[in-house]
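Peer 1: Contents of target-v8.cif (mmCIF, C-alpha atoms) are given next:
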```cif
data_coords
loop_
_atom_site.label_atom_id
_atom_site.label_comp_id
_atom_site.auth_asym_id
_atom_site.auth_seq_id
_atom_site.Cartn_x
_atom_site.Cartn_y
_atom_site.Cartn_z
CA MET V 14 -4.40 -16.80 12.69
CA GLY V 15 -5.74 -19.14 15.32
CA ALA V 16 -7.64 -22.38 15.44
CA LEU V 17 -11.13 -22.71 14.01
CA THR V 18 -14.02 -22.48 16.41
CA LYS V 19 -16.76 -25.09 16.32
CA ARG V 20 -19.91 -23.79 14.71
CA MET V 21 -22.43 -22.57 17.29
CA THR V 22 -25.76 -24.33 17.06
CA GLY V 23 -28.49 -21.99 15.85
CA LEU V 24 -26.04 -19.15 15.20
CA ALA V 25 -27.93 -16.54 17.17
CA THR V 26 -26.08 -13.68 15.54
CA VAL V 27 -27.88 -14.34 12.25
CA ALA V 28 -31.01 -12.99 13.90
CA VAL V 29 -29.37 -9.60 14.48
CA VAL V 30 -29.38 -8.70 10.79
CA ALA V 31 -31.59 -11.32 9.15
CA ALA V 32 -34.35 -12.06 11.63
CA THR V 33 -36.96 -12.48 8.92
CA LEU V 34 -34.87 -14.77 6.73
CA ALA V 35 -34.87 -18.50 7.34
CA THR V 36 -31.43 -20.05 7.03
CA GLY V 37 -32.82 -23.42 5.98
CA GLY V 38 -30.88 -26.65 5.62
CA ALA V 39 -28.37 -28.40 7.81
CA ALA V 40 -24.67 -27.85 8.11
CA VAL V 41 -22.76 -29.17 5.13
CA ALA V 42 -20.39 -32.01 5.91
CA VAL V 43 -16.74 -31.02 6.05
CA PRO V 44 -14.79 -32.77 3.26
CA ARG V 45 -11.44 -34.40 3.66
CA ALA V 46 -8.43 -32.15 3.22
CA LEU V 47 -7.67 -31.28 -0.41
CA GLY V 48 -4.25 -30.87 -1.99
CA GLU V 49 -2.37 -27.63 -1.39
CA PRO V 50 -1.48 -25.39 -4.34
CA LYS V 51 2.20 -25.37 -5.19
CA THR V 52 2.58 -21.72 -4.20
CA PRO V 53 0.06 -20.43 -1.65
CA VAL V 54 -0.90 -16.84 -2.40
CA VAL V 55 -2.26 -14.42 0.19
CA HIS V 56 -2.61 -10.69 0.61
CA PHE V 57 -1.37 -9.20 3.85
CA THR V 58 -3.77 -6.50 5.02
CA ASP V 59 -2.76 -6.09 8.66
CA SER V 60 -5.90 -7.22 10.45
CA THR V 61 -4.60 -8.08 13.91
CA LEU V 62 -6.86 -5.92 16.03
CA THR V 63 -9.00 -6.85 19.01
CA PRO V 64 -12.58 -7.68 17.97
CA GLN V 65 -15.34 -5.55 19.44
CA SER V 66 -18.03 -7.08 21.63
CA VAL V 67 -21.37 -7.92 20.03
CA THR V 68 -24.41 -5.93 21.14
CA PRO V 69 -27.70 -5.15 19.38
CA ALA V 70 -27.35 -2.93 16.32
CA ASP V 71 -27.95 0.80 16.57
CA GLU V 72 -30.43 2.48 14.24
CA ASP V 73 -29.16 3.36 10.78
CA MET V 74 -27.17 6.54 10.18
CA ASN V 75 -29.24 9.58 9.27
CA GLN V 76 -28.25 12.41 6.97
CA ALA V 77 -26.15 14.23 9.56
CA SER V 78 -22.95 12.90 8.06
CA ASP V 79 -23.72 14.65 4.77
CA ARG V 80 -24.50 17.94 6.48
CA SER V 81 -21.35 17.80 8.58
CA ALA V 82 -19.34 17.32 5.39
CA GLY V 83 -20.94 20.40 3.87
CA ARG V 84 -23.00 18.41 1.38
CA ALA V 85 -26.66 18.79 0.62
CA ALA V 86 -28.55 15.62 1.43
CA LYS V 87 -29.27 13.60 -1.69
CA SER V 88 -31.48 10.64 -2.39
CA TRP V 89 -29.45 7.45 -2.73
CA GLN V 90 -32.34 5.05 -3.14
CA TYR V 91 -34.71 4.73 -6.08
CA SER V 92 -33.06 7.76 -7.71
CA ARG V 93 -32.22 5.91 -10.94
CA SER V 94 -32.16 2.46 -12.46
CA ILE V 95 -29.40 0.60 -14.27
CA ASN V 96 -30.23 -2.65 -15.99
CA PHE V 97 -27.07 -4.69 -16.44
CA GLU V 98 -26.91 -7.58 -18.89
CA SER V 99 -24.12 -10.06 -19.46
CA LYS V 100 -24.41 -11.32 -23.02
CA SER V 101 -22.35 -11.93 -26.14
CA GLY V 102 -19.30 -12.02 -23.88
CA LYS V 103 -19.75 -8.37 -22.87
CA LEU V 104 -21.48 -6.25 -20.26
CA PHE V 105 -24.28 -3.87 -21.16
CA ALA V 106 -25.94 -1.23 -18.98
CA ASN V 107 -29.31 0.07 -20.14
CA GLY V 108 -28.48 -1.40 -23.53
CA LYS V 109 -25.09 0.32 -23.87
CA PRO V 110 -21.65 -1.35 -23.62
CA PHE V 111 -20.26 -0.93 -20.13
CA THR V 112 -16.77 -1.25 -18.68
CA PHE V 113 -16.03 -1.47 -14.98
CA VAL V 114 -12.77 0.23 -14.06
CA GLY V 115 -12.80 0.17 -10.29
CA VAL V 116 -10.66 -0.15 -7.22
CA ASN V 117 -10.83 -2.36 -4.13
CA TRP V 118 -11.14 -0.51 -0.81
CA PHE V 119 -10.65 -3.02 1.96
CA GLY V 120 -11.22 -2.88 5.71
CA PHE V 121 -14.79 -3.98 6.40
CA GLU V 122 -13.53 -7.57 6.24
CA THR V 123 -10.89 -6.97 8.93
CA ASP V 124 -11.14 -6.43 12.68
CA THR V 125 -11.75 -2.71 12.17
CA ALA V 126 -15.12 -3.54 10.52
CA LEU V 127 -14.56 -0.33 8.56
CA VAL V 128 -12.79 0.71 5.38
CA HIS V 129 -9.22 1.61 6.21
CA GLY V 130 -7.63 5.05 6.11
CA LEU V 131 -10.19 6.96 8.17
CA TRP V 132 -7.70 7.14 11.05
CA THR V 133 -5.79 9.72 8.96
CA ASP V 134 -6.81 13.23 7.96
CA GLN V 135 -8.53 11.72 4.92
CA SER V 136 -12.29 11.34 5.31
CA MET V 137 -14.59 8.97 3.46
CA ASP V 138 -15.61 11.98 1.34
CA SER V 139 -12.06 12.95 0.40
CA LEU V 140 -11.07 9.38 -0.44
CA LEU V 141 -14.15 8.85 -2.61
CA ASP V 142 -13.43 12.16 -4.32
CA LYS V 143 -9.91 10.87 -5.01
CA VAL V 144 -11.26 7.63 -6.50
CA ALA V 145 -13.62 9.54 -8.80
CA SER V 146 -10.96 12.08 -9.80
CA LEU V 147 -8.61 9.28 -10.90
CA GLY V 148 -11.21 8.06 -13.39
CA TYR V 149 -12.62 5.04 -11.59
CA ASN V 150 -16.35 4.35 -11.80
CA SER V 151 -16.74 1.70 -9.12
CA LEU V 152 -15.61 0.18 -5.84
CA ARG V 153 -15.29 -3.45 -4.85
CA VAL V 154 -15.97 -3.58 -1.10
CA PRO V 155 -14.68 -6.68 0.76
CA LEU V 156 -16.79 -7.94 3.68
CA ALA V 157 -16.47 -10.65 6.34
CA LEU V 158 -19.39 -12.94 7.13
CA ASP V 159 -18.93 -12.75 10.89
CA ASN V 160 -18.70 -8.96 10.84
CA PHE V 161 -21.90 -8.72 8.83
CA LEU V 162 -23.77 -11.07 11.15
CA ALA V 163 -22.50 -9.49 14.39
CA ASN V 164 -22.52 -5.87 13.15
CA PRO V 165 -19.74 -4.76 15.55
CA VAL V 166 -18.84 -1.22 16.55
CA VAL V 167 -16.34 0.15 14.04
CA THR V 168 -12.84 1.06 15.08
CA ALA V 169 -9.50 2.14 13.67
CA TYR V 170 -5.89 1.30 14.41
CA ASN V 171 -5.61 4.17 16.86
CA GLY V 172 -9.05 3.47 18.31
CA ASP V 173 -10.59 6.63 16.85
CA VAL V 174 -12.14 7.26 13.45
CA ALA V 175 -10.43 10.61 13.23
CA ALA V 176 -11.63 11.71 9.79
CA ASN V 177 -15.30 10.82 10.26
CA LYS V 178 -16.13 11.58 13.88
CA GLU V 179 -19.79 10.78 13.29
CA LEU V 180 -18.81 7.11 12.87
CA ASN V 181 -17.31 6.80 16.36
CA GLY V 182 -19.63 4.53 18.33
CA LYS V 183 -21.48 3.46 15.18
CA ARG V 184 -21.64 -0.03 13.72
CA MET V 185 -20.41 -1.70 10.59
CA LEU V 186 -23.71 -1.56 8.74
CA ASP V 187 -24.05 2.13 9.57
CA ALA V 188 -20.66 2.71 7.96
CA LEU V 189 -21.46 0.51 4.96
CA ASP V 190 -24.73 2.40 4.42
CA MET V 191 -22.77 5.64 4.62
CA LEU V 192 -20.23 4.43 2.04
CA VAL V 193 -22.95 3.31 -0.37
CA LYS V 194 -24.74 6.64 -0.07
CA LYS V 195 -21.62 8.78 -0.48
CA ALA V 196 -20.50 6.66 -3.44
CA ALA V 197 -23.90 7.18 -5.07
CA ASP V 198 -23.50 10.94 -4.68
CA ARG V 199 -20.35 10.62 -6.83
CA HIS V 200 -21.88 8.19 -9.36
CA LEU V 201 -19.64 5.38 -8.12
CA LEU V 202 -20.99 1.84 -8.34
CA ILE V 203 -20.54 -0.73 -5.56
CA LEU V 204 -19.68 -4.43 -5.88
CA LEU V 205 -20.14 -6.23 -2.56
CA ASP V 206 -17.57 -8.98 -2.01
CA LEU V 207 -17.77 -11.77 0.57
CA HIS V 208 -14.04 -11.74 1.17
CA ARG V 209 -13.76 -13.86 4.32
CA LEU V 210 -15.91 -16.00 6.55
CA GLU V 211 -14.09 -14.73 9.65
CA ALA V 212 -12.42 -11.34 10.00
CA ALA V 213 -9.53 -12.70 12.07
CA LEU V 214 -8.93 -15.77 9.87
CA TRP V 215 -7.17 -15.33 6.54
CA PRO V 216 -6.42 -17.41 4.70
CA ASP V 217 -9.11 -19.85 5.83
CA PRO V 218 -7.40 -23.27 5.83
CA MET V 219 -10.49 -24.91 4.35
CA GLY V 220 -10.53 -22.54 1.38
CA LEU V 221 -14.23 -23.14 0.73
CA TRP V 222 -17.52 -21.24 1.06
CA TYR V 223 -18.08 -22.74 4.53
CA ASN V 224 -15.92 -23.85 7.41
CA GLU V 225 -16.26 -25.45 10.85
CA ARG V 226 -17.93 -22.35 12.26
CA TYR V 227 -20.24 -21.31 9.40
CA CYS V 228 -22.22 -23.59 7.13
CA GLU V 229 -23.56 -22.90 3.65
CA ALA V 230 -26.96 -21.93 5.06
CA ASP V 231 -25.31 -19.11 7.01
CA VAL V 232 -23.71 -17.77 3.84
CA VAL V 233 -27.02 -17.99 1.96
CA ALA V 234 -28.82 -16.15 4.78
CA ALA V 235 -26.20 -13.40 4.81
CA TRP V 236 -26.33 -12.90 1.05
CA LYS V 237 -30.12 -12.76 1.14
CA ALA V 238 -29.97 -10.15 3.90
CA LEU V 239 -27.41 -8.08 1.98
CA ALA V 240 -29.47 -8.31 -1.21
CA GLN V 241 -32.58 -7.23 0.64
CA ARG V 242 -30.82 -4.35 2.38
CA TYR V 243 -29.28 -2.86 -0.75
CA CYS V 244 -31.65 -3.84 -3.57
CA ALA V 245 -33.19 -0.36 -3.48
CA SER V 246 -29.76 1.31 -3.63
CA TRP V 247 -29.28 1.91 -7.34
CA ASN V 248 -25.48 1.98 -7.20
CA VAL V 249 -25.09 -1.42 -5.48
CA VAL V 250 -24.91 -3.49 -8.63
CA GLY V 251 -23.34 -6.83 -7.83
CA ALA V 252 -22.57 -9.68 -5.45
CA ASP V 253 -19.11 -11.29 -5.59
CA LEU V 254 -20.15 -14.55 -3.97
CA LEU V 255 -16.84 -15.62 -2.40
CA ASN V 256 -13.29 -14.42 -2.57
CA GLU V 257 -10.74 -16.95 -3.85
CA PRO V 258 -12.21 -20.39 -2.99
CA HIS V 259 -8.73 -21.79 -3.42
CA ARG V 260 -9.33 -25.37 -2.24
CA ALA V 261 -12.60 -25.91 -4.05
CA ASN V 262 -12.95 -27.97 -7.20
CA TRP V 263 -14.77 -26.90 -10.35
CA GLY V 264 -16.95 -29.47 -12.02
CA SER V 265 -16.33 -32.39 -9.66
CA GLY V 266 -20.06 -32.87 -9.13
CA VAL V 267 -19.49 -33.29 -5.38
CA ARG V 268 -21.73 -30.96 -3.39
CA GLU V 269 -19.16 -30.42 -0.65
CA ASP V 270 -16.33 -29.17 -2.88
CA ASP V 271 -17.70 -28.17 -6.29
CA TRP V 272 -17.55 -24.37 -6.36
CA ARG V 273 -19.44 -24.22 -9.65
CA LEU V 274 -22.48 -25.91 -8.04
CA ALA V 275 -22.19 -23.82 -4.88
CA ALA V 276 -22.04 -20.62 -6.95
CA GLU V 277 -25.29 -21.63 -8.62
CA ARG V 278 -27.00 -22.13 -5.26
CA LEU V 279 -25.68 -18.90 -3.75
CA GLY V 280 -26.23 -16.85 -6.89
CA ASN V 281 -29.80 -18.00 -7.38
CA ALA V 282 -30.54 -17.24 -3.72
CA VAL V 283 -29.36 -13.64 -4.29
CA LEU V 284 -31.42 -13.32 -7.48
CA ASP V 285 -34.52 -14.61 -5.68
CA VAL V 286 -34.29 -11.55 -3.43
CA CYS V 287 -32.91 -8.96 -5.86
CA PRO V 288 -33.19 -10.02 -9.51
CA ARG V 289 -31.33 -6.97 -10.85
CA LEU V 290 -27.95 -7.74 -9.22
CA LEU V 291 -25.00 -9.06 -11.19
CA ILE V 292 -23.54 -12.29 -9.79
CA PHE V 293 -19.73 -12.37 -9.85
CA VAL V 294 -18.18 -15.85 -9.72
CA GLU V 295 -14.43 -16.19 -9.19
CA GLY V 296 -12.23 -19.05 -10.23
CA VAL V 297 -10.63 -21.59 -7.92
CA GLY V 298 -6.97 -22.40 -7.17
CA ASN V 299 -5.10 -25.58 -8.13
CA PRO V 300 -7.17 -28.48 -6.73
CA PRO V 301 -6.58 -32.05 -7.91
CA SER V 302 -9.74 -32.48 -9.99
CA THR V 303 -9.54 -29.06 -11.67
CA PRO V 304 -6.05 -29.27 -13.12
CA ILE V 305 -4.00 -26.64 -14.85
CA VAL V 306 -1.37 -28.12 -17.17
CA ALA V 307 1.65 -28.24 -14.84
CA PRO V 308 3.76 -26.31 -14.12
CA ILE V 309 1.50 -23.38 -15.09
CA TRP V 310 0.01 -22.81 -11.64
CA ALA V 311 -2.86 -20.39 -11.18
CA PHE V 312 -3.25 -17.72 -8.53
CA TRP V 313 -6.10 -18.18 -6.08
CA GLY V 314 -9.33 -17.20 -7.79
CA GLU V 315 -7.72 -17.28 -11.24
CA ASN V 316 -8.53 -20.83 -12.36
CA LEU V 317 -11.59 -20.86 -14.64
CA ALA V 318 -10.15 -23.61 -16.83
CA ASN V 319 -13.20 -25.86 -16.42
CA ALA V 320 -15.82 -23.16 -16.90
CA CYS V 321 -16.17 -23.97 -20.60
CA SER V 322 -17.08 -27.61 -19.95
CA HIS V 323 -18.90 -26.90 -16.67
CA PRO V 324 -20.46 -23.44 -16.90
CA VAL V 325 -22.31 -21.78 -14.02
CA ARG V 326 -26.07 -21.97 -14.61
CA LEU V 327 -28.12 -19.22 -13.01
CA SER V 328 -31.86 -18.67 -13.12
CA ASN V 329 -31.04 -15.60 -15.24
CA PRO V 330 -27.88 -16.24 -17.29
CA GLN V 331 -27.62 -12.54 -18.15
CA ARG V 332 -26.73 -11.74 -14.55
CA LEU V 333 -23.60 -13.93 -14.49
CA VAL V 334 -20.10 -12.44 -14.61
CA TYR V 335 -16.91 -14.51 -14.41
CA SER V 336 -14.34 -12.72 -12.27
CA PRO V 337 -10.81 -14.15 -12.05
CA HIS V 338 -7.99 -12.65 -9.95
CA VAL V 339 -4.69 -12.01 -11.71
CA TYR V 340 -1.36 -11.07 -10.12
CA GLY V 341 2.30 -10.77 -10.88
CA PRO V 342 5.69 -11.53 -9.32
CA SER V 343 5.37 -9.06 -6.43
CA VAL V 344 2.61 -11.31 -5.06
CA SER V 345 4.03 -14.76 -5.81
CA ARG V 346 6.92 -16.18 -7.83
CA MET V 347 5.35 -18.39 -10.46
CA ASP V 348 7.56 -20.34 -12.86
CA TYR V 349 6.25 -18.45 -15.87
CA PHE V 350 7.55 -15.14 -14.51
CA ALA V 351 11.07 -16.53 -15.00
CA ASP V 352 10.43 -17.55 -18.63
CA ARG V 353 12.94 -16.08 -21.08
CA ASN V 354 10.03 -14.73 -23.15
CA PHE V 355 8.50 -12.82 -20.22
CA PRO V 356 6.21 -10.90 -20.43
CA ALA V 357 5.12 -12.03 -23.92
CA ASN V 358 4.61 -15.59 -22.63
CA LEU V 359 1.88 -14.43 -20.25
CA ASP V 360 -0.82 -14.23 -22.93
CA ALA V 361 -0.80 -18.02 -23.27
CA VAL V 362 -0.86 -18.44 -19.48
CA TRP V 363 -3.90 -16.19 -19.12
CA GLU V 364 -5.62 -17.93 -22.01
CA ALA V 365 -5.20 -21.31 -20.29
CA HIS V 366 -6.29 -20.06 -16.88
CA PHE V 367 -9.33 -17.95 -17.77
CA GLY V 368 -9.08 -16.19 -21.14
CA LYS V 369 -10.66 -18.97 -23.19
CA VAL V 370 -13.92 -18.46 -21.29
CA THR V 371 -14.47 -15.24 -23.23
CA SER V 372 -14.68 -17.24 -26.46
CA CYS V 373 -16.49 -20.39 -25.31
CA SER V 374 -19.19 -18.53 -23.38
CA SER V 375 -21.59 -15.63 -23.83
CA THR V 376 -20.85 -14.59 -20.24
CA ALA V 377 -19.03 -11.32 -19.56
CA MET V 378 -15.75 -11.20 -17.65
CA VAL V 379 -14.61 -8.58 -15.13
CA ILE V 380 -11.27 -8.99 -13.33
CA GLY V 381 -12.06 -8.89 -9.61
CA GLU V 382 -8.50 -8.17 -8.50
CA PHE V 383 -5.32 -7.23 -10.33
CA GLY V 384 -2.36 -5.04 -9.51
CA GLY V 385 1.00 -5.19 -7.81
CA ASN V 386 3.97 -3.25 -6.52
CA VAL V 387 5.18 -1.06 -9.37
CA ASP V 388 8.47 -0.44 -7.60
CA HIS V 389 9.37 -3.96 -8.80
CA ASP V 390 10.42 -3.57 -12.44
CA LYS V 391 9.22 -7.02 -13.39
CA ASP V 392 5.83 -6.48 -11.80
CA LEU V 393 5.48 -3.20 -13.66
CA GLN V 394 6.13 -5.12 -16.90
CA PHE V 395 3.50 -7.65 -15.89
CA GLN V 396 0.92 -4.96 -15.16
CA GLU V 397 1.55 -3.09 -18.39
CA ARG V 398 1.15 -6.34 -20.33
CA PHE V 399 -2.02 -7.31 -18.50
CA VAL V 400 -3.69 -3.92 -18.93
CA GLY V 401 -2.94 -4.29 -22.65
CA TRP V 402 -4.59 -7.72 -22.58
CA MET V 403 -7.66 -6.26 -20.86
CA ILE V 404 -7.96 -3.49 -23.45
CA ASN V 405 -7.61 -5.95 -26.35
CA ARG V 406 -10.27 -8.24 -24.89
CA GLY V 407 -12.62 -5.44 -23.84
CA VAL V 408 -12.47 -6.60 -20.22
CA GLY V 409 -12.76 -4.29 -17.20
CA GLY V 410 -11.64 -4.89 -13.65
CA PHE V 411 -10.93 -3.72 -10.11
CA VAL V 412 -7.42 -2.72 -9.08
CA TRP V 413 -6.14 -4.06 -5.76
CA ALA V 414 -6.13 -1.68 -3.98
CA LEU V 415 -6.88 1.88 -2.91
CA ASN V 416 -5.14 1.04 0.37
CA PRO V 417 -1.41 1.78 0.69
CA ASN V 418 -1.34 -0.74 3.58
CA SER V 419 -1.72 -3.67 1.20
CA GLY V 420 1.53 -5.38 2.06
CA ASP V 421 2.33 -7.05 -1.26
CA THR V 422 0.76 -4.72 -3.83
CA LYS V 423 0.72 -1.29 -2.11
CA GLY V 424 -2.04 1.12 -3.09
CA ILE V 425 -3.01 3.57 -5.81
CA VAL V 426 -2.27 6.31 -3.26
CA GLY V 427 0.85 6.70 -1.15
CA ASP V 428 1.29 6.19 2.57
CA ASP V 429 -0.32 9.58 3.23
CA TRP V 430 -3.58 8.18 1.77
CA LYS V 431 -3.91 11.12 -0.64
CA THR V 432 -1.02 11.36 -3.11
CA PRO V 433 -1.57 9.25 -6.26
CA VAL V 434 1.19 6.79 -7.15
CA GLU V 435 2.17 8.18 -10.54
CA LYS V 436 3.47 4.90 -12.02
CA LYS V 437 0.19 3.16 -11.22
CA LYS V 438 -1.80 6.13 -12.48
CA GLY V 439 0.10 5.91 -15.75
CA VAL V 440 -0.66 2.19 -16.18
CA TYR V 441 -4.29 2.11 -15.07
CA SER V 442 -5.36 5.32 -16.80
CA ARG V 443 -5.10 3.40 -20.09
CA LEU V 444 -8.31 1.64 -19.07
CA GLN V 445 -11.38 3.66 -20.01
CA ALA V 446 -14.22 3.46 -17.50
CA THR V 447 -17.78 3.97 -18.67
CA ASN V 448 -19.18 7.22 -17.30
CA VAL V 449 -22.11 6.20 -15.08
CA GLN V 450 -23.76 9.60 -15.55
CA TRP V 451 -24.20 8.84 -19.25
CA LEU V 452 -26.43 5.85 -18.61
#
```
Translate the structure of the given file into structure tokens.
Peer 2:
Amino acid sequence: MGALTKRMTGLATVAVVAATLATGGAAVAVPRALGEPKTPVVHFTDSTLTPQSVTPADEDMNQASDRSAGRAAKSWQYSRSINFESKSGKLFANGKPFTFVGVNWFGFETDTALVHGLWTDQSMDSLLDKVASLGYNSLRVPLALDNFLANPVVTAYNGDVAANKELNGKRMLDALDMLVKKAADRHLLILLDLHRLEAALWPDPMGLWYNERYCEADVVAAWKALAQRYCASWNVVGADLLNEPHRANWGSGVREDDWRLAAERLGNAVLDVCPRLLIFVEGVGNPPSTPIVAPIWAFWGENLANACSHPVRLSNPQRLVYSPHVYGPSVSRMDYFADRNFPANLDAVWEAHFGKVTSCSSTAMVIGEFGGNVDHDKDLQFQERFVGWMINRGVGGFVWALNPNSGDTKGIVGDDWKTPVEKKKGVYSRLQATNVQWL
């Protein structure tokens, strides 16, 4: 996706959205190249659009979008409070057991700087209504660091946000505010996900929480700014610190490559600003010093094998959630998908990669991404088996994805962005989401 750009001294764009937050610290040294996983795994989300120019941010969206959609304006800040706790290996909300059953809606992390699908006749309102009607209680919203810092004008593949005209000419943070507010109106929770460092660069060849353009201090500053912006929004409940740090180690003790130590620094920075947020920490890939017993290779973000011996330590342990990513053969052909005992053999694979953390730790687990193309018979078998595993373990998760333009998994709706995919509906409806209105 193009060569890396040298990091700009001072990073003036940070001031656009985080003028009052000091970045602190110097750029982290770039480590030597780490070993590649046996089977690189990526998701193709069609993000080859021309970036918009960077100009100062417009003022935030007002309530006109609600009125134009025929909705009465509602309060989306301070309207309620949910106290999440991760303890005894489970999640609790206001003292009651809670299960996330959500869906990923991507786009903010791409060159559109906007959730996808709004170029169709489906508006943000209609798509959120669809999510709620299918029984989901939450959204995981991928973001890109550079988009957040630059706050570009949103766009769509055809250049026009057809379904939400009020967003034309507006900026990414306007649209994100709008999504948070409209989700709150439907009692949908939001998990913010730092999915990429650069919108036009995926996968990042460094596979870490920093690269040659952005240092760790930039990521800390961005997370602090996000936490400050949305701490008063009751339905923004978590920070997924980094998507799939596939070339990081876990437990190496080396500051430059130990994701466990970096997650502690980033997570505690978020909690310093907004103590109520859950901190989601994904696994790594297949780096040399965090081995999986070969040939059982892990997907990117799936490897939590060392979390029992090297747990993440936050200032408030009850805010920590481990969040592996789990996929099947439509995403990558792992050796264990060809095992003669498939899919029964997968339970042992998942136990080795991340499942044992639920027994060695009091920390809750929520699957950050799972799913696949159900038109592949073997992937459908995988998904049915994994949903059964989730139910047996009492683990929730976020399906990848709402978007039908997810190249390897497809979406929970068809190419028209409105018709549910019945096979997926049949599989995922077995998961019972906690009703947020009951809290």
Peer 1: Which residues of region 87-169 of chain V come within 10 Å of region 358-376 of chain V, and what is each one's closest atom pair and distance in Å (one decimal), counting all atoms listed in the file, sorted by chain and residue number, as a Markdown table?
Peer 2:
```
| residue | atom | partner | partner_atom | distance |
| --- | --- | --- | --- | --- |
| V:Glu98 | CA | V:Thr376 | CA | 9.4 |
| V:Ser99 | CA | V:Thr376 | CA | 5.6 |
| V:Lys100 | CA | V:Ser375 | CA | 5.2 |
| V:Ser101 | CA | V:Ser375 | CA | 4.4 |
| V:Gly102 | CA | V:Ser375 | CA | 4.3 |
| V:Lys103 | CA | V:Thr376 | CA | 6.8 |
| V:Leu104 | CA | V:Thr376 | CA | 8.4 |
```
Peer 1: Give me a file of those residues, with C-alpha atoms, as a PDB file, in the frame of the given file.
Peer 2:
```pdb
ATOM      1  CA  GLU V  98     -26.910  -7.580 -18.890  1.00  0.00           C
ATOM      2  CA  SER V  99     -24.120 -10.060 -19.460  1.00  0.00           C
ATOM      3  CA  LYS V 100     -24.410 -11.320 -23.020  1.00  0.00           C
ATOM      4  CA  SER V 101     -22.350 -11.930 -26.140  1.00  0.00           C
ATOM      5  CA  GLY V 102     -19.300 -12.020 -23.880  1.00  0.00           C
ATOM      6  CA  LYS V 103     -19.750  -8.370 -22.870  1.00  0.00           C
ATOM      7  CA  LEU V 104     -21.480  -6.250 -20.260  1.00  0.00           C
TER       8      LEU V 104
END
```
Peer 1: Give me, as a count of residues only, all polymer residues having an atom no more than 10 Å from region 315-327 of chain V, counting only C-alpha atoms and skipping those fewer than 5 positions away in the same chain.
Peer 2: 59
Peer 1: Taking only C-alpha atoms into account, which of V:Arg346, V:Arg268, V:Lys237, V:Arg199 comes nearest Val144 (chain V)?
Peer 2: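 Going through V:Arg346, V:Arg268, V:Lys237, V:Arg199 one by one, the smallest distance to Val144 (chain V) is for V:Arg199.
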Peer 1: Show me, as a list in words, the residues that have an atom within 9 Å of Ala106 (chain V) when counting only C-alpha atoms, minus same-chain residues fewer than 2 positions from it.
Peer 2: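 The filter keeps Ile95, Asn96, Phe97, Glu98, Leu104, Gly108, Lys109, Pro110, Phe111 and Leu452 of chain V.
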Peer 1: Under the PyMOL selection byres ((chain V and resi 422) around 7), which residues of this model are included? Write them out as number ranges by chain.
Peer 2: V: 343-344, 384-386, 419-421, 423-424
Peer 1: List the residues selected by the PyMOL selection byres ((chain V and resi 395-412) around 7) in the file shown, writing them as a PyMOL selection string.
Peer 2: chain V and resi 112-117+153+341+356+378-384+391-394+413-414+440+444
Peer 1: Hey, can you check how far CA of Leu202 (chain V) sits from CA of Ala169 (chain V)?
Peer 2: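 Separation of CA of Leu202 (chain V) and CA of Ala169 (chain V): 24.8 Å.
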